>>> print(open('target_25.pdb').read())   # PDB, C-alpha atoms
ATOM      1  CA  MET A   9      32.583  48.502  62.244
ATOM      2  CA  ARG A  10      32.748  47.351  58.638
ATOM      3  CA  THR A  11      33.606  49.630  55.738
ATOM      4  CA  LEU A  12      30.660  50.760  53.604
ATOM      5  CA  VAL A  13      31.057  50.086  49.899
ATOM      6  CA  GLN A  14      29.298  51.919  47.086
ATOM      7  CA  PRO A  15      27.080  49.625  44.958
ATOM      8  CA  PRO A  16      28.226  49.037  41.381
ATOM      9  CA  PRO A  17      27.170  51.657  38.789
ATOM     10  CA  SER A  18      24.848  49.096  37.166
ATOM     11  CA  SER A  19      22.592  49.270  40.245
ATOM     12  CA  HIS A  20      21.941  52.995  39.692
ATOM     13  CA  CYS A  21      19.362  54.634  37.400
ATOM     14  CA  GLU A  22      20.927  55.874  34.180
ATOM     15  CA  TYR A  23      18.664  58.964  34.259
ATOM     16  CA  CYS A  24      18.864  60.291  37.819
ATOM     17  CA  GLY A  25      21.416  58.065  39.605
ATOM     18  CA  GLY A  26      18.838  56.696  42.074
ATOM     19  CA  GLU A  27      18.893  53.134  43.440
ATOM     20  CA  LEU A  28      17.461  50.406  41.193
ATOM     21  CA  ARG A  29      15.248  47.822  42.875
ATOM     22  CA  LEU A  30      14.178  44.524  41.332
ATOM     23  CA  LYS A  31      10.506  44.603  40.372
ATOM     24  CA  ARG A  32      10.040  41.294  38.532
ATOM     25  CA  VAL A  33      11.691  38.613  36.413
ATOM     26  CA  GLU A  34      10.069  37.474  33.156
ATOM     27  CA  PRO A  35      11.049  34.792  30.648
ATOM     28  CA  ALA A  36      12.707  36.404  27.610
ATOM     29  CA  ASN A  37      13.741  33.481  25.406
ATOM     30  CA  SER A  38      13.292  29.923  26.649
ATOM     31  CA  ALA A  39      15.318  28.433  23.776
ATOM     32  CA  LEU A  40      18.368  30.483  24.812
ATOM     33  CA  ASP A  41      17.538  30.245  28.556
ATOM     34  CA  LEU A  42      17.278  34.043  28.924
ATOM     35  CA  GLU A  43      15.235  36.148  31.336
ATOM     36  CA  SER A  44      14.332  39.823  31.511
ATOM     37  CA  GLU A  45      14.947  41.438  34.883
ATOM     38  CA  ILE A  46      12.808  44.550  35.354
ATOM     39  CA  PHE A  47      14.120  47.167  37.784
ATOM     40  CA  VAL A  48      12.432  50.349  38.996
ATOM     41  CA  CYS A  49      14.241  53.446  40.257
ATOM     42  CA  ALA A  50      13.441  54.296  43.875
ATOM     43  CA  LYS A  51      14.016  58.001  43.144
ATOM     44  CA  CYS A  52      12.304  58.778  39.791
ATOM     45  CA  GLY A  53      10.189  55.625  39.230
ATOM     46  CA  ARG A  54      11.525  54.822  35.744
ATOM     47  CA  GLU A  55      11.736  51.168  34.769
ATOM     48  CA  GLN A  56      14.819  49.594  33.215
ATOM     49  CA  SER A  57      15.056  46.107  31.749
ATOM     50  CA  TYR A  58      18.109  43.878  31.424
ATOM     51  CA  THR A  59      18.256  40.536  29.591
ATOM     52  CA  VAL A  60      20.363  37.973  31.441
ATOM     53  CA  GLU A  61      21.013  34.232  31.420
ATOM     54  CA  HIS A  62      18.752  32.253  33.739
ATOM     55  CA  ASN A  63      20.463  31.460  37.039
ATOM     56  CA  HIS A  64      19.546  27.844  37.862
ATOM     57  CA  THR A  65      20.696  28.183  41.485
ATOM     58  CA  MET A  66      18.120  30.890  42.297
ATOM     59  CA  PRO A  67      14.504  29.895  43.008
ATOM     60  CA  HIS A  68      11.781  31.453  40.892
ATOM     61  CA  PRO A  69       9.867  34.218  42.669
ATOM     62  CA  LYS A  70       6.266  33.393  43.580
ATOM     63  CA  VAL A  71       3.709  35.005  41.301
ATOM     64  CA  ALA A  72       0.958  36.805  43.214
TER      65      ALA A  72
END
>>> encode(input="target_25.pdb", output="structure tokens")
Amino acid sequence: MRTLVQPPPSSHCEYCGGELRLKRVEPANSALDLESEIFVCAKCGREQSYTVEHNHTMPHPKVA
């Protein structure tokens, strides 16, 4: 049986400590190749946004 590892603190809600789940990725600044990753807390429902560099190895999610 493998050892369970706690997820990093950045994957927890800063308000209630619940698990953050990726909701969507939006372009933030195309000139700087930045994206906004929107997460929602599974426990309290609050949204949190983080601006990150675009990862060219990951495919873009399909827009519904």
>>> closest_residue(input="target_25.pdb", among="A:Leu30, A:Pro35, A:Cys21, A:Thr65", to="A:Cys49", atoms="only C-alpha atoms")
A:Cys21
>>> atom_distance(input="target_25.pdb", atom1="atom CA of A:Gly26", atom2="atom CA of A:Gln56")
12.0 Å
>>> atom_distance(input="target_25.pdb", atom1="atom CA of A:Asn37", atom2="atom CA of A:Ser57")
14.2 Å
>>> resolve_selection(input="target_25.pdb", expression="the PyMOL selection byres ((chain A and resi 62) around 6)", output="VMD selection string")
chain A and resid 41 to 43 61 63
>>> atom_distance(input="target_25.pdb", atom1="atom CA of A:Thr59", atom2="atom CA of A:Cys24")
21.4 Å
>>> residues_around(input="target_25.pdb", residues="A:Ile46", least_positions_apart="2", cutoff="8 Å", atoms="all atoms listed in the file", output="PyMOL selection string")
chain A and resi 30-34+44+48+55-58
>>> closest_residue(input="target_25.pdb", among="A:Leu28, A:Val60, A:Ser18, A:Arg54", to="A:Leu40", atoms="only C-alpha atoms")
A:Val60
>>> decode(input="target_25.pdb", residues="stretch 22-47 of chain A", atoms="N, CA, C and O atoms", output="CSV table (one decimal), in the first residue's frame")
chain,number,residue,atom,x,y,z
A,22,GLU,N,-8.2,29.4,1.0
A,22,GLU,CA,-7.6,30.3,2.0
A,22,GLU,C,-8.7,30.7,3.1
A,22,GLU,O,-8.3,31.2,4.1
A,23,TYR,N,-9.9,30.5,2.8
A,23,TYR,CA,-11.0,30.8,3.8
A,23,TYR,C,-11.4,29.7,4.8
A,23,TYR,O,-11.5,29.9,6.0
A,24,CYS,N,-11.6,28.5,4.2
A,24,CYS,CA,-12.1,27.4,5.0
A,24,CYS,C,-11.2,26.2,5.0
A,24,CYS,O,-11.4,25.3,5.8
A,25,GLY,N,-10.2,26.2,4.2
A,25,GLY,CA,-9.3,25.0,4.1
A,25,GLY,C,-9.8,23.9,3.3
A,25,GLY,O,-9.1,22.8,3.2
A,26,GLY,N,-10.9,24.0,2.6
A,26,GLY,CA,-11.5,23.0,1.7
A,26,GLY,C,-10.6,22.8,0.5
A,26,GLY,O,-9.7,23.6,0.1
A,27,GLU,N,-10.9,21.7,-0.3
A,27,GLU,CA,-10.2,21.4,-1.5
A,27,GLU,C,-10.5,22.3,-2.6
A,27,GLU,O,-11.7,22.5,-2.9
A,28,LEU,N,-9.5,22.8,-3.4
A,28,LEU,CA,-9.8,23.6,-4.5
A,28,LEU,C,-9.8,22.8,-5.8
A,28,LEU,O,-9.0,21.9,-5.9
A,29,ARG,N,-10.8,23.0,-6.6
A,29,ARG,CA,-11.0,22.2,-7.9
A,29,ARG,C,-11.0,23.2,-9.0
A,29,ARG,O,-11.6,24.3,-9.0
A,30,LEU,N,-10.3,22.8,-10.1
A,30,LEU,CA,-10.2,23.7,-11.3
A,30,LEU,C,-11.5,23.8,-11.9
A,30,LEU,O,-12.2,22.9,-12.2
A,31,LYS,N,-11.9,25.1,-12.1
A,31,LYS,CA,-13.2,25.4,-12.8
A,31,LYS,C,-13.0,25.7,-14.3
A,31,LYS,O,-13.7,25.1,-15.1
A,32,ARG,N,-12.1,26.6,-14.5
A,32,ARG,CA,-11.8,27.0,-15.9
A,32,ARG,C,-10.5,27.7,-16.0
A,32,ARG,O,-10.0,28.2,-15.0
A,33,VAL,N,-10.0,27.8,-17.3
A,33,VAL,CA,-8.8,28.5,-17.6
A,33,VAL,C,-9.2,29.6,-18.6
A,33,VAL,O,-9.8,29.3,-19.6
A,34,GLU,N,-8.8,30.9,-18.4
A,34,GLU,CA,-9.1,32.0,-19.3
A,34,GLU,C,-7.8,32.7,-19.6
A,34,GLU,O,-6.8,32.7,-18.8
A,35,PRO,N,-7.7,33.2,-20.9
A,35,PRO,CA,-6.5,34.0,-21.2
A,35,PRO,C,-6.5,35.3,-20.3
A,35,PRO,O,-7.5,35.9,-20.1
A,36,ALA,N,-5.3,35.6,-19.8
A,36,ALA,CA,-5.1,36.8,-19.0
A,36,ALA,C,-4.4,37.9,-19.7
A,36,ALA,O,-4.8,39.1,-19.7
A,37,ASN,N,-3.3,37.6,-20.4
A,37,ASN,CA,-2.5,38.5,-21.1
A,37,ASN,C,-1.8,37.8,-22.2
A,37,ASN,O,-0.8,37.1,-21.9
A,38,SER,N,-2.3,37.9,-23.4
A,38,SER,CA,-1.6,37.1,-24.5
A,38,SER,C,-0.2,37.6,-24.9
A,38,SER,O,0.6,36.9,-25.3
A,39,ALA,N,0.0,38.9,-24.7
A,39,ALA,CA,1.4,39.5,-24.9
A,39,ALA,C,2.4,38.8,-24.0
A,39,ALA,O,3.6,38.6,-24.4
A,40,LEU,N,2.0,38.6,-22.8
A,40,LEU,CA,3.0,38.0,-21.8
A,40,LEU,C,2.8,36.5,-21.6
A,40,LEU,O,3.4,35.9,-20.8
A,41,ASP,N,1.8,35.9,-22.4
A,41,ASP,CA,1.6,34.5,-22.4
A,41,ASP,C,1.1,34.0,-21.0
A,41,ASP,O,1.6,33.0,-20.5
A,42,LEU,N,0.1,34.8,-20.5
A,42,LEU,CA,-0.4,34.5,-19.1
A,42,LEU,C,-1.8,34.0,-19.2
A,42,LEU,O,-2.6,34.4,-20.1
A,43,GLU,N,-2.2,33.1,-18.3
A,43,GLU,CA,-3.6,32.7,-18.2
A,43,GLU,C,-4.1,32.8,-16.7
A,43,GLU,O,-3.3,32.8,-15.8
A,44,SER,N,-5.4,32.9,-16.6
A,44,SER,CA,-6.0,32.9,-15.3
A,44,SER,C,-6.6,31.6,-15.0
A,44,SER,O,-7.4,31.1,-15.8
A,45,GLU,N,-6.2,30.9,-14.0
A,45,GLU,CA,-6.8,29.6,-13.6
A,45,GLU,C,-7.8,29.9,-12.5
A,45,GLU,O,-7.5,30.5,-11.4
A,46,ILE,N,-9.1,29.6,-12.7
A,46,ILE,CA,-10.1,29.8,-11.7
A,46,ILE,C,-10.4,28.5,-11.0
A,46,ILE,O,-10.7,27.5,-11.6
A,47,PHE,N,-10.3,28.5,-9.7
A,47,PHE,CA,-10.6,27.4,-8.8
A,47,PHE,C,-11.8,27.7,-8.0
A,47,PHE,O,-12.1,28.8,-7.6
